[in-house]
Amino acid sequence: MTLRVWLEGHQFYKGLERIIIEYEVEETIVSYQDIYNWAYAVGRTVLSGSEKGEDLLRRLIFDVRGEDLPGRFLEKLSGRLTEYKTNKNIALDVSMYGKLYEERWHGDSFRYVKSAVLSGFLNSLASKTRKQSGGE
């Protein structure tokens with residue numbers, strides 16, 4: 001994708017009325033909505049796949065919410081999901097969203113990713129709570 005910027009006025013460049021500067025801008029490979037949808041689906045799988053699903057999901061949320069660096073966040077997230085899949089006492093059918101590793105997350109983009117993941121997990125937990133109380 002190309003971002004075009006026009007600089008109007010020739011006070012900076014004598015004799016030129018319009019200057020076009022083009023920057024190559026990286027397109028976002030993954031949309032935040034896709035990340036949210038994946039996290040919500042993982043949360044629902046955790047909740048429905050085990051008698052201790054609510055506790056497992058709460059532990060997952062607790063583990064990843066405190067990580068402020070992208071690498072550590074992804075490491076904690078993948079580690080916990082790997083445990084849920086490979087532990088014989090849990091054995092849930094969950095996996096990482098591979099596209100999370102296709103992009104380098106930093107600054108605000110990382111915060112958006114983290115928010116999308118946590119929102120998906122929290123909303124799946126909230127939907128279970130609403131069903132139990134008869135609200136849905």
# chains A, B, ... in the order shown; residues from 1 in each chain; ligands from 1
$ select_by_dssp --residues "stretch 35-126 of chain A" --states "alpha helix (DSSP H)" --output "ChimeraX atom specification"
/A:35-49,53-65,70-86,107-126
$ write_last_selection --atoms "C-alpha atoms" --output "JSON list (two decimals), in the first residue's frame"
[["chain", "number", "residue", "atom", "x", "y", "z"],
["A", 35, "ILE", "CA", -7.61, -11.86, 16.64],
["A", 36, "TYR", "CA", -10.63, -11.14, 18.82],
["A", 37, "ASN", "CA", -12.67, -13.85, 17.05],
["A", 38, "TRP", "CA", -9.86, -16.38, 17.53],
["A", 39, "ALA", "CA", -9.50, -15.52, 21.24],
["A", 40, "TYR", "CA", -13.27, -15.73, 21.76],
["A", 41, "ALA", "CA", -13.38, -19.16, 20.09],
["A", 42, "VAL", "CA", -10.44, -20.38, 22.20],
["A", 43, "GLY", "CA", -12.20, -19.13, 25.33],
["A", 44, "ARG", "CA", -15.40, -20.96, 24.41],
["A", 45, "THR", "CA", -13.40, -24.14, 23.72],
["A", 46, "VAL", "CA", -11.67, -23.92, 27.09],
["A", 47, "LEU", "CA", -14.97, -23.35, 28.88],
["A", 48, "SER", "CA", -16.82, -26.17, 27.19],
["A", 49, "GLY", "CA", -13.96, -28.67, 27.00],
["A", 53, "GLY", "CA", -12.90, -24.69, 32.09],
["A", 54, "GLU", "CA", -13.74, -21.50, 33.94],
["A", 55, "ASP", "CA", -10.71, -21.83, 36.21],
["A", 56, "LEU", "CA", -8.46, -22.64, 33.24],
["A", 57, "LEU", "CA", -9.66, -19.60, 31.32],
["A", 58, "ARG", "CA", -9.23, -17.34, 34.34],
["A", 59, "ARG", "CA", -5.66, -18.63, 34.76],
["A", 60, "LEU", "CA", -4.95, -17.98, 31.07],
["A", 61, "ILE", "CA", -6.25, -14.42, 31.36],
["A", 62, "PHE", "CA", -4.30, -13.82, 34.55],
["A", 63, "ASP", "CA", -1.07, -15.14, 33.00],
["A", 64, "VAL", "CA", -1.09, -13.05, 29.83],
["A", 65, "ARG", "CA", -2.56, -9.79, 31.07],
["A", 70, "PRO", "CA", 5.17, -8.61, 22.72],
["A", 71, "GLY", "CA", 7.60, -11.53, 22.85],
["A", 72, "ARG", "CA", 6.85, -12.35, 26.46],
["A", 73, "PHE", "CA", 3.12, -12.01, 25.84],
["A", 74, "LEU", "CA", 3.20, -14.46, 22.93],
["A", 75, "GLU", "CA", 5.49, -16.81, 24.85],
["A", 76, "LYS", "CA", 3.15, -16.87, 27.86],
["A", 77, "LEU", "CA", 0.08, -17.27, 25.66],
["A", 78, "SER", "CA", 1.53, -20.10, 23.58],
["A", 79, "GLY", "CA", 2.98, -21.81, 26.66],
["A", 80, "ARG", "CA", -0.35, -21.88, 28.45],
["A", 81, "LEU", "CA", -2.25, -23.07, 25.35],
["A", 82, "THR", "CA", 0.38, -25.76, 24.77],
["A", 83, "GLU", "CA", -0.13, -26.95, 28.32],
["A", 84, "TYR", "CA", -3.90, -27.07, 27.81],
["A", 85, "LYS", "CA", -3.47, -29.14, 24.67],
["A", 86, "THR", "CA", -0.74, -31.55, 25.81],
["A", 107, "GLY", "CA", 3.81, 0.15, 20.54],
["A", 108, "ASP", "CA", 0.14, 0.72, 19.99],
["A", 109, "SER", "CA", -0.25, -2.19, 17.58],
["A", 110, "PHE", "CA", 0.86, -4.57, 20.34],
["A", 111, "ARG", "CA", -1.56, -2.99, 22.78],
["A", 112, "TYR", "CA", -4.38, -3.47, 20.27],
["A", 113, "VAL", "CA", -3.42, -7.13, 19.84],
["A", 114, "LYS", "CA", -3.27, -7.67, 23.58],
["A", 115, "SER", "CA", -6.62, -5.91, 24.04],
["A", 116, "ALA", "CA", -8.22, -8.01, 21.30],
["A", 117, "VAL", "CA", -6.96, -11.25, 22.88],
["A", 118, "LEU", "CA", -7.99, -10.30, 26.41],
["A", 119, "SER", "CA", -11.37, -8.98, 25.23],
["A", 120, "GLY", "CA", -12.08, -12.24, 23.41],
["A", 121, "PHE", "CA", -11.20, -14.28, 26.48],
["A", 122, "LEU", "CA", -13.16, -12.03, 28.85],
["A", 123, "ASN", "CA", -16.25, -11.94, 26.65],
["A", 124, "SER", "CA", -16.31, -15.72, 26.34],
["A", 125, "LEU", "CA", -16.03, -15.94, 30.13],
["A", 126, "ALA", "CA", -18.80, -13.36, 30.54]]
$ atom_distance --atom1 "atom CA of A:Ser31" --atom2 "atom CA of A:Ala91"
28.8 Å
